[in-house]
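Coordinates from structure00.cif are shown below (mmCIF, N, CA and C atoms).
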data_query
#
loop_
_atom_site.group_PDB
_atom_site.id
_atom_site.type_symbol
_atom_site.label_atom_id
_atom_site.label_comp_id
_atom_site.auth_asym_id
_atom_site.auth_seq_id
_atom_site.Cartn_x
_atom_site.Cartn_y
_atom_site.Cartn_z
ATOM 1 N N MET Q 28 14.971 -88.084 46.864
ATOM 2 C CA MET Q 28 14.385 -87.842 45.559
ATOM 3 C C MET Q 28 15.472 -87.292 44.634
ATOM 4 N N ILE Q 29 15.528 -87.782 43.422
ATOM 5 C CA ILE Q 29 16.525 -87.365 42.451
ATOM 6 C C ILE Q 29 15.847 -86.523 41.382
ATOM 7 N N HIS Q 30 16.443 -85.366 41.103
ATOM 8 C CA HIS Q 30 15.945 -84.493 40.040
ATOM 9 C C HIS Q 30 16.836 -84.665 38.820
ATOM 10 N N LEU Q 31 16.260 -85.179 37.777
ATOM 11 C CA LEU Q 31 17.035 -85.429 36.574
ATOM 12 C C LEU Q 31 17.231 -84.191 35.715
ATOM 13 N N PHE Q 32 16.288 -83.253 35.770
ATOM 14 C CA PHE Q 32 16.333 -82.115 34.848
ATOM 15 C C PHE Q 32 16.679 -80.793 35.523
ATOM 16 N N SER Q 33 17.053 -80.789 36.741
ATOM 17 C CA SER Q 33 17.358 -79.530 37.425
ATOM 18 C C SER Q 33 18.829 -79.461 37.808
ATOM 19 N N LYS Q 34 19.645 -79.854 36.913
ATOM 20 C CA LYS Q 34 21.082 -79.819 37.149
ATOM 21 C C LYS Q 34 21.547 -78.364 37.240
ATOM 22 N N HIS Q 35 22.236 -78.017 38.305
ATOM 23 C CA HIS Q 35 22.719 -76.650 38.537
ATOM 24 C C HIS Q 35 24.145 -76.536 38.004
ATOM 25 N N THR Q 36 24.328 -75.674 37.034
ATOM 26 C CA THR Q 36 25.661 -75.489 36.457
ATOM 27 C C THR Q 36 25.984 -74.008 36.388
ATOM 28 N N GLU Q 37 27.230 -73.725 36.097
ATOM 29 C CA GLU Q 37 27.643 -72.333 35.913
ATOM 30 C C GLU Q 37 26.980 -71.724 34.690
ATOM 31 N N GLU Q 38 26.690 -72.542 33.700
ATOM 32 C CA GLU Q 38 26.033 -72.045 32.494
ATOM 33 C C GLU Q 38 24.669 -71.458 32.798
ATOM 34 N N THR Q 39 23.901 -72.120 33.651
ATOM 35 C CA THR Q 39 22.575 -71.594 33.972
ATOM 36 C C THR Q 39 22.685 -70.328 34.805
ATOM 37 N N ASP Q 40 23.698 -70.228 35.655
ATOM 38 C CA ASP Q 40 23.912 -69.003 36.433
ATOM 39 C C ASP Q 40 24.255 -67.837 35.511
ATOM 40 N N MET Q 41 25.113 -68.086 34.515
ATOM 41 C CA MET Q 41 25.518 -67.028 33.595
ATOM 42 C C MET Q 41 24.352 -66.592 32.718
ATOM 43 N N ALA Q 42 23.491 -67.510 32.372
ATOM 44 C CA ALA Q 42 22.357 -67.169 31.517
ATOM 45 C C ALA Q 42 21.367 -66.267 32.238
ATOM 46 N N LYS Q 43 21.294 -66.360 33.539
ATOM 47 C CA LYS Q 43 20.352 -65.553 34.321
ATOM 48 C C LYS Q 43 20.849 -64.140 34.566
ATOM 49 N N GLN Q 44 22.154 -63.928 34.528
ATOM 50 C CA GLN Q 44 22.722 -62.611 34.802
ATOM 51 C C GLN Q 44 22.702 -61.763 33.538
ATOM 52 N N PRO Q 45 22.356 -60.467 33.684
ATOM 53 C CA PRO Q 45 22.360 -59.604 32.504
ATOM 54 C C PRO Q 45 23.787 -59.381 32.007
ATOM 55 N N VAL Q 46 23.909 -59.259 30.717
ATOM 56 C CA VAL Q 46 25.217 -59.027 30.113
ATOM 57 C C VAL Q 46 25.524 -57.536 30.205
ATOM 58 N N VAL Q 47 26.658 -57.203 30.772
ATOM 59 C CA VAL Q 47 27.081 -55.820 30.909
ATOM 60 C C VAL Q 47 28.281 -55.611 30.001
ATOM 61 N N ILE Q 48 28.131 -54.676 29.078
ATOM 62 C CA ILE Q 48 29.222 -54.364 28.162
ATOM 63 C C ILE Q 48 29.849 -53.051 28.597
ATOM 64 N N LYS Q 49 31.128 -53.112 28.911
ATOM 65 C CA LYS Q 49 31.846 -51.923 29.344
ATOM 66 C C LYS Q 49 32.208 -51.091 28.116
ATOM 67 N N PRO Q 50 31.836 -49.806 28.110
ATOM 68 C CA PRO Q 50 32.194 -48.979 26.950
ATOM 69 C C PRO Q 50 33.705 -48.821 26.847
ATOM 70 N N SER Q 51 34.181 -48.715 25.609
ATOM 71 C CA SER Q 51 35.623 -48.583 25.417
ATOM 72 C C SER Q 51 36.092 -47.149 25.680
ATOM 73 N N ILE Q 52 35.134 -46.210 25.772
ATOM 74 C CA ILE Q 52 35.469 -44.825 26.087
ATOM 75 C C ILE Q 52 34.253 -44.173 26.758
ATOM 76 N N THR Q 53 34.521 -43.356 27.746
ATOM 77 C CA THR Q 53 33.440 -42.625 28.408
ATOM 78 C C THR Q 53 33.356 -41.218 27.826
ATOM 79 N N LYS Q 54 32.272 -40.543 28.146
ATOM 80 C CA LYS Q 54 32.090 -39.174 27.669
ATOM 81 C C LYS Q 54 33.226 -38.278 28.151
ATOM 82 N N GLU Q 55 33.623 -38.452 29.399
ATOM 83 C CA GLU Q 55 34.691 -37.638 29.974
ATOM 84 C C GLU Q 55 36.029 -37.912 29.284
ATOM 85 N N ASP Q 56 36.308 -39.189 29.024
ATOM 86 C CA ASP Q 56 37.549 -39.547 28.331
ATOM 87 C C ASP Q 56 37.560 -38.992 26.911
ATOM 88 N N LEU Q 57 36.400 -39.025 26.260
ATOM 89 C CA LEU Q 57 36.302 -38.481 24.907
ATOM 90 C C LEU Q 57 36.636 -36.994 24.900
ATOM 91 N N ILE Q 58 36.105 -36.258 25.854
ATOM 92 C CA ILE Q 58 36.365 -34.814 25.943
ATOM 93 C C ILE Q 58 37.856 -34.562 26.146
ATOM 94 N N ILE Q 59 38.448 -35.271 27.088
ATOM 95 C CA ILE Q 59 39.871 -35.074 27.398
ATOM 96 C C ILE Q 59 40.748 -35.417 26.194
ATOM 97 N N GLN Q 60 40.515 -36.584 25.599
ATOM 98 C CA GLN Q 60 41.335 -37.009 24.468
ATOM 99 C C GLN Q 60 41.166 -36.085 23.268
ATOM 100 N N THR Q 61 39.940 -35.628 23.038
ATOM 101 C CA THR Q 61 39.683 -34.709 21.923
ATOM 102 C C THR Q 61 40.421 -33.398 22.137
ATOM 103 N N GLU Q 62 40.318 -32.830 23.316
ATOM 104 C CA GLU Q 62 40.985 -31.561 23.615
ATOM 105 C C GLU Q 62 42.502 -31.688 23.487
ATOM 106 N N ILE Q 63 43.052 -32.806 23.901
ATOM 107 C CA ILE Q 63 44.496 -33.020 23.776
ATOM 108 C C ILE Q 63 44.900 -33.022 22.310
ATOM 109 N N LEU Q 64 44.161 -33.754 21.476
ATOM 110 C CA LEU Q 64 44.480 -33.807 20.048
ATOM 111 C C LEU Q 64 44.322 -32.444 19.379
ATOM 112 N N VAL Q 65 43.308 -31.683 19.789
ATOM 113 C CA VAL Q 65 43.085 -30.352 19.206
ATOM 114 C C VAL Q 65 44.209 -29.402 19.608
ATOM 115 N N GLN Q 66 44.594 -29.423 20.879
ATOM 116 C CA GLN Q 66 45.601 -28.487 21.378
ATOM 117 C C GLN Q 66 47.024 -28.875 20.952
ATOM 118 N N LYS Q 67 47.383 -30.136 21.150
ATOM 119 C CA LYS Q 67 48.767 -30.547 20.896
ATOM 120 C C LYS Q 67 49.046 -30.871 19.434
ATOM 121 N N ASP Q 68 48.114 -31.554 18.789
ATOM 122 C CA ASP Q 68 48.347 -31.997 17.406
ATOM 123 C C ASP Q 68 47.695 -31.082 16.378
ATOM 124 N N LYS Q 69 47.080 -30.009 16.853
ATOM 125 C CA LYS Q 69 46.452 -29.012 15.972
ATOM 126 C C LYS Q 69 45.400 -29.620 15.031
ATOM 127 N N MET Q 70 44.681 -30.632 15.521
ATOM 128 C CA MET Q 70 43.592 -31.218 14.740
ATOM 129 C C MET Q 70 42.333 -30.392 14.942
ATOM 130 N N THR Q 71 41.389 -30.524 14.023
ATOM 131 C CA THR Q 71 40.073 -29.931 14.244
ATOM 132 C C THR Q 71 39.312 -30.893 15.165
ATOM 133 N N TYR Q 72 38.192 -30.432 15.711
ATOM 134 C CA TYR Q 72 37.404 -31.292 16.597
ATOM 135 C C TYR Q 72 36.881 -32.515 15.841
ATOM 136 N N SER Q 73 36.439 -32.301 14.618
ATOM 137 C CA SER Q 73 35.927 -33.433 13.845
ATOM 138 C C SER Q 73 37.044 -34.426 13.516
ATOM 139 N N GLU Q 74 38.229 -33.925 13.176
ATOM 140 C CA GLU Q 74 39.362 -34.810 12.909
ATOM 141 C C GLU Q 74 39.749 -35.593 14.162
ATOM 142 N N ALA Q 75 39.761 -34.913 15.288
ATOM 143 C CA ALA Q 75 40.136 -35.555 16.548
ATOM 144 C C ALA Q 75 39.162 -36.673 16.906
ATOM 145 N N ILE Q 76 37.878 -36.407 16.754
ATOM 146 C CA ILE Q 76 36.870 -37.423 17.083
ATOM 147 C C ILE Q 76 36.976 -38.600 16.114
ATOM 148 N N CYS Q 77 37.174 -38.330 14.835
ATOM 149 C CA CYS Q 77 37.358 -39.408 13.848
ATOM 150 C C CYS Q 77 38.612 -40.222 14.159
ATOM 151 N N HIS Q 78 39.670 -39.549 14.563
ATOM 152 C CA HIS Q 78 40.923 -40.231 14.932
ATOM 153 C C HIS Q 78 40.683 -41.180 16.111
ATOM 154 N N ILE Q 79 39.966 -40.715 17.107
ATOM 155 C CA ILE Q 79 39.662 -41.543 18.280
ATOM 156 C C ILE Q 79 38.803 -42.738 17.868
ATOM 157 N N CYS Q 80 37.828 -42.517 16.971
ATOM 158 C CA CYS Q 80 36.992 -43.618 16.473
ATOM 159 C C CYS Q 80 37.851 -44.694 15.817
ATOM 160 N N GLU Q 81 38.772 -44.282 14.972
ATOM 161 C CA GLU Q 81 39.650 -45.232 14.292
ATOM 162 C C GLU Q 81 40.556 -45.951 15.275
ATOM 163 N N GLU Q 82 41.129 -45.180 16.195
ATOM 164 C CA GLU Q 82 42.062 -45.733 17.164
ATOM 165 C C GLU Q 82 41.399 -46.779 18.056
ATOM 166 N N LYS Q 83 40.172 -46.505 18.477
ATOM 167 C CA LYS Q 83 39.468 -47.408 19.395
ATOM 168 C C LYS Q 83 38.497 -48.339 18.680
ATOM 169 N N GLN Q 84 38.469 -48.259 17.342
ATOM 170 C CA GLN Q 84 37.589 -49.085 16.523
ATOM 171 C C GLN Q 84 36.128 -48.960 16.959
ATOM 172 N N ILE Q 85 35.682 -47.701 17.025
ATOM 173 C CA ILE Q 85 34.303 -47.399 17.407
ATOM 174 C C ILE Q 85 33.604 -46.804 16.196
ATOM 175 N N ASP Q 86 32.394 -47.258 15.947
ATOM 176 C CA ASP Q 86 31.605 -46.720 14.848
ATOM 177 C C ASP Q 86 31.274 -45.255 15.163
ATOM 178 N N PRO Q 87 31.499 -44.340 14.222
ATOM 179 C CA PRO Q 87 31.189 -42.927 14.466
ATOM 180 C C PRO Q 87 29.738 -42.686 14.901
ATOM 181 N N VAL Q 88 28.814 -43.517 14.447
ATOM 182 C CA VAL Q 88 27.409 -43.383 14.866
ATOM 183 C C VAL Q 88 27.285 -43.627 16.374
ATOM 184 N N ASP Q 89 28.024 -44.606 16.876
ATOM 185 C CA ASP Q 89 28.019 -44.871 18.318
ATOM 186 C C ASP Q 89 28.725 -43.760 19.086
ATOM 187 N N MET Q 90 29.807 -43.253 18.513
ATOM 188 C CA MET Q 90 30.555 -42.176 19.164
ATOM 189 C C MET Q 90 29.703 -40.912 19.279
ATOM 190 N N ALA Q 91 28.854 -40.675 18.285
ATOM 191 C CA ALA Q 91 28.012 -39.469 18.285
ATOM 192 C C ALA Q 91 27.134 -39.402 19.528
ATOM 193 N N LYS Q 92 26.801 -40.534 20.091
ATOM 194 C CA LYS Q 92 25.970 -40.569 21.303
ATOM 195 C C LYS Q 92 26.701 -39.977 22.511
ATOM 196 N N LEU Q 93 28.016 -39.951 22.459
ATOM 197 C CA LEU Q 93 28.813 -39.412 23.568
ATOM 198 C C LEU Q 93 29.125 -37.932 23.410
ATOM 199 N N VAL Q 94 28.917 -37.392 22.222
ATOM 200 C CA VAL Q 94 29.250 -35.988 21.956
ATOM 201 C C VAL Q 94 28.106 -35.124 22.464
ATOM 202 N N LYS Q 95 28.316 -34.535 23.638
ATOM 203 C CA LYS Q 95 27.289 -33.708 24.284
ATOM 204 C C LYS Q 95 27.950 -32.522 24.973
ATOM 205 N N GLY Q 96 27.126 -31.577 25.378
ATOM 206 C CA GLY Q 96 27.605 -30.438 26.152
ATOM 207 C C GLY Q 96 28.576 -29.559 25.395
ATOM 208 N N PRO Q 97 29.631 -29.093 26.080
ATOM 209 C CA PRO Q 97 30.598 -28.172 25.473
ATOM 210 C C PRO Q 97 31.288 -28.741 24.232
ATOM 211 N N LEU Q 98 31.543 -30.044 24.214
ATOM 212 C CA LEU Q 98 32.187 -30.647 23.046
ATOM 213 C C LEU Q 98 31.271 -30.550 21.827
ATOM 214 N N LYS Q 99 29.989 -30.764 22.025
ATOM 215 C CA LYS Q 99 29.034 -30.658 20.923
ATOM 216 C C LYS Q 99 28.964 -29.221 20.411
ATOM 217 N N VAL Q 100 28.967 -28.266 21.325
ATOM 218 C CA VAL Q 100 28.925 -26.849 20.944
ATOM 219 C C VAL Q 100 30.158 -26.485 20.115
ATOM 220 N N LYS Q 101 31.330 -26.942 20.545
ATOM 221 C CA LYS Q 101 32.571 -26.657 19.808
ATOM 222 C C LYS Q 101 32.555 -27.316 18.430
ATOM 223 N N LEU Q 102 32.053 -28.541 18.365
ATOM 224 C CA LEU Q 102 31.977 -29.247 17.091
ATOM 225 C C LEU Q 102 31.008 -28.549 16.137
ATOM 226 N N GLU Q 103 29.875 -28.098 16.661
ATOM 227 C CA GLU Q 103 28.901 -27.375 15.831
ATOM 228 C C GLU Q 103 29.481 -26.043 15.344
ATOM 229 N N ALA Q 104 30.165 -25.318 16.223
ATOM 230 C CA ALA Q 104 30.765 -24.039 15.841
ATOM 231 C C ALA Q 104 31.807 -24.250 14.740
ATOM 232 N N GLU Q 105 32.611 -25.291 14.878
ATOM 233 C CA GLU Q 105 33.601 -25.611 13.866
ATOM 234 C C GLU Q 105 32.924 -25.933 12.528
ATOM 235 N N ALA Q 106 31.854 -26.719 12.576
ATOM 236 C CA ALA Q 106 31.130 -27.084 11.353
ATOM 237 C C ALA Q 106 30.496 -25.855 10.702
ATOM 238 N N MET Q 107 30.009 -24.916 11.500
ATOM 239 C CA MET Q 107 29.441 -23.678 10.956
ATOM 240 C C MET Q 107 30.534 -22.824 10.314
ATOM 241 N N ASP Q 108 31.686 -22.730 10.962
ATOM 242 C CA ASP Q 108 32.804 -21.949 10.421
ATOM 243 C C ASP Q 108 33.299 -22.523 9.101
ATOM 244 N N ARG Q 109 33.198 -23.827 8.947
ATOM 245 C CA ARG Q 109 33.658 -24.491 7.717
ATOM 246 C C ARG Q 109 32.523 -24.674 6.710
ATOM 247 N N ASN Q 110 31.395 -24.047 6.982
ATOM 248 C CA ASN Q 110 30.212 -24.117 6.115
ATOM 249 C C ASN Q 110 29.729 -25.543 5.868
ATOM 250 N N ILE Q 111 29.861 -26.385 6.871
ATOM 251 C CA ILE Q 111 29.375 -27.758 6.773
ATOM 252 C C ILE Q 111 27.902 -27.809 7.169
ATOM 253 N N ILE Q 112 27.541 -26.988 8.174
ATOM 254 C CA ILE Q 112 26.143 -26.852 8.563
ATOM 255 C C ILE Q 112 25.789 -25.366 8.553
ATOM 256 N N LYS Q 113 24.491 -25.088 8.481
ATOM 257 C CA LYS Q 113 24.049 -23.699 8.454
ATOM 258 C C LYS Q 113 24.254 -23.040 9.801
ATOM 259 N N ARG Q 114 24.561 -21.764 9.740
ATOM 260 C CA ARG Q 114 24.729 -20.979 10.968
ATOM 261 C C ARG Q 114 23.361 -20.742 11.602
ATOM 262 N N THR Q 115 23.344 -20.785 12.915
ATOM 263 C CA THR Q 115 22.104 -20.516 13.646
ATOM 264 C C THR Q 115 22.151 -19.102 14.198
ATOM 265 N N THR Q 116 21.018 -18.540 14.463
ATOM 266 C CA THR Q 116 20.935 -17.176 14.996
ATOM 267 C C THR Q 116 21.642 -17.088 16.352
ATOM 268 N N GLY Q 117 21.482 -18.100 17.194
ATOM 269 C CA GLY Q 117 22.127 -18.086 18.506
ATOM 270 C C GLY Q 117 23.636 -18.018 18.411
ATOM 271 N N TYR Q 118 24.199 -18.669 17.417
ATOM 272 C CA TYR Q 118 25.648 -18.667 17.232
ATOM 273 C C TYR Q 118 26.134 -17.303 16.772
ATOM 274 N N LEU Q 119 25.346 -16.611 15.965
ATOM 275 C CA LEU Q 119 25.765 -15.306 15.453
ATOM 276 C C LEU Q 119 25.910 -14.258 16.562
ATOM 277 N N PHE Q 120 25.119 -14.399 17.628
ATOM 278 C CA PHE Q 120 25.150 -13.423 18.719
ATOM 279 C C PHE Q 120 25.993 -13.882 19.896
ATOM 280 N N ALA Q 121 26.594 -15.026 19.806
ATOM 281 C CA ALA Q 121 27.397 -15.546 20.920
ATOM 282 C C ALA Q 121 28.788 -14.974 20.894
#
Will you turn the file into structure tokens for me?
Amino acid sequence: MIHLFSKHTEETDMAKQPVVIKPSITKEDLIIQTEILVQKDKMTYSEAICHICEEKQIDPVDMAKLVKGPLKVKLEAEAMDRNIIKRTTGYLFA
């Protein structure tokens, strides 16, 4: 029996597999690279993160998803010190 419409090709195999996009930077790499720029190049945390976004051609909105934990706390503290965001009560007693 001949099947005319069930031709097996690599295209059909690829269509069935989910597309996996490898991130250009991980959360851990972001922390390390940011700290290096802050310590060695005397950048602020916000400048360092913006620099990494430009260097890796990543939209800052996408990068914001990786800013968590201690890096987020440092970025918020910097923004409060520069009067970019309002100071929180927790920060005043820390």
* Asked: Quick one: of Q:Met90, Q:Ile111, Q:Ile52, Q:Leu102, who's nearest to Ser73 in chain Q, counting all atoms listed in the file?
  ->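 Closest residue, counting all atoms listed in the file: Q:Leu102.
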* Between CA of Lys95 in chain Q and atom N of Ala75 in chain Q, distance in Å (one decimal) ->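 Answer for the CA of Lys95 in chain Q to atom N of Ala75 in chain Q separation: 15.4 Å.
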* Interatomic distance (Å, one decimal) between CA of Leu57 in chain Q and CA of Glu74 in chain Q -> 12.9 Å
Give, as JSON, the centre coordinates and the x, y and z edge lengths in Å to one decimal for an axis-aligned box around all listed atoms of range 81-92 of chain Q, padded by 8 Å on each side.
{"center_x": 34.0, "center_y": -44.2, "center_z": 18.4, "size_x": 32.1, "size_y": 25.7, "size_z": 24.3}
* **DSSP alpha helix (DSSP H) selection over range 41-110 of chain Q, as a PyMOL selection string** => chain Q and resi 41-43+54-67+72-83+87-91+96-108
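With CA of Lys54 in chain Q on one side and atom N of Ile79 in chain Q on the other, the separation reads 13.3 Å.
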* **Leu93 in chain Q surroundings by only C-alpha atoms, 10 Å radius, close-in-sequence under 5 positions cut, as a list in words** =>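 Once the nearby chain positions are removed, what remains is Ile52, Thr53, Lys54, Glu55, Asp56, Leu57, Ile58, Val88, Leu98 and Lys99 of chain Q.
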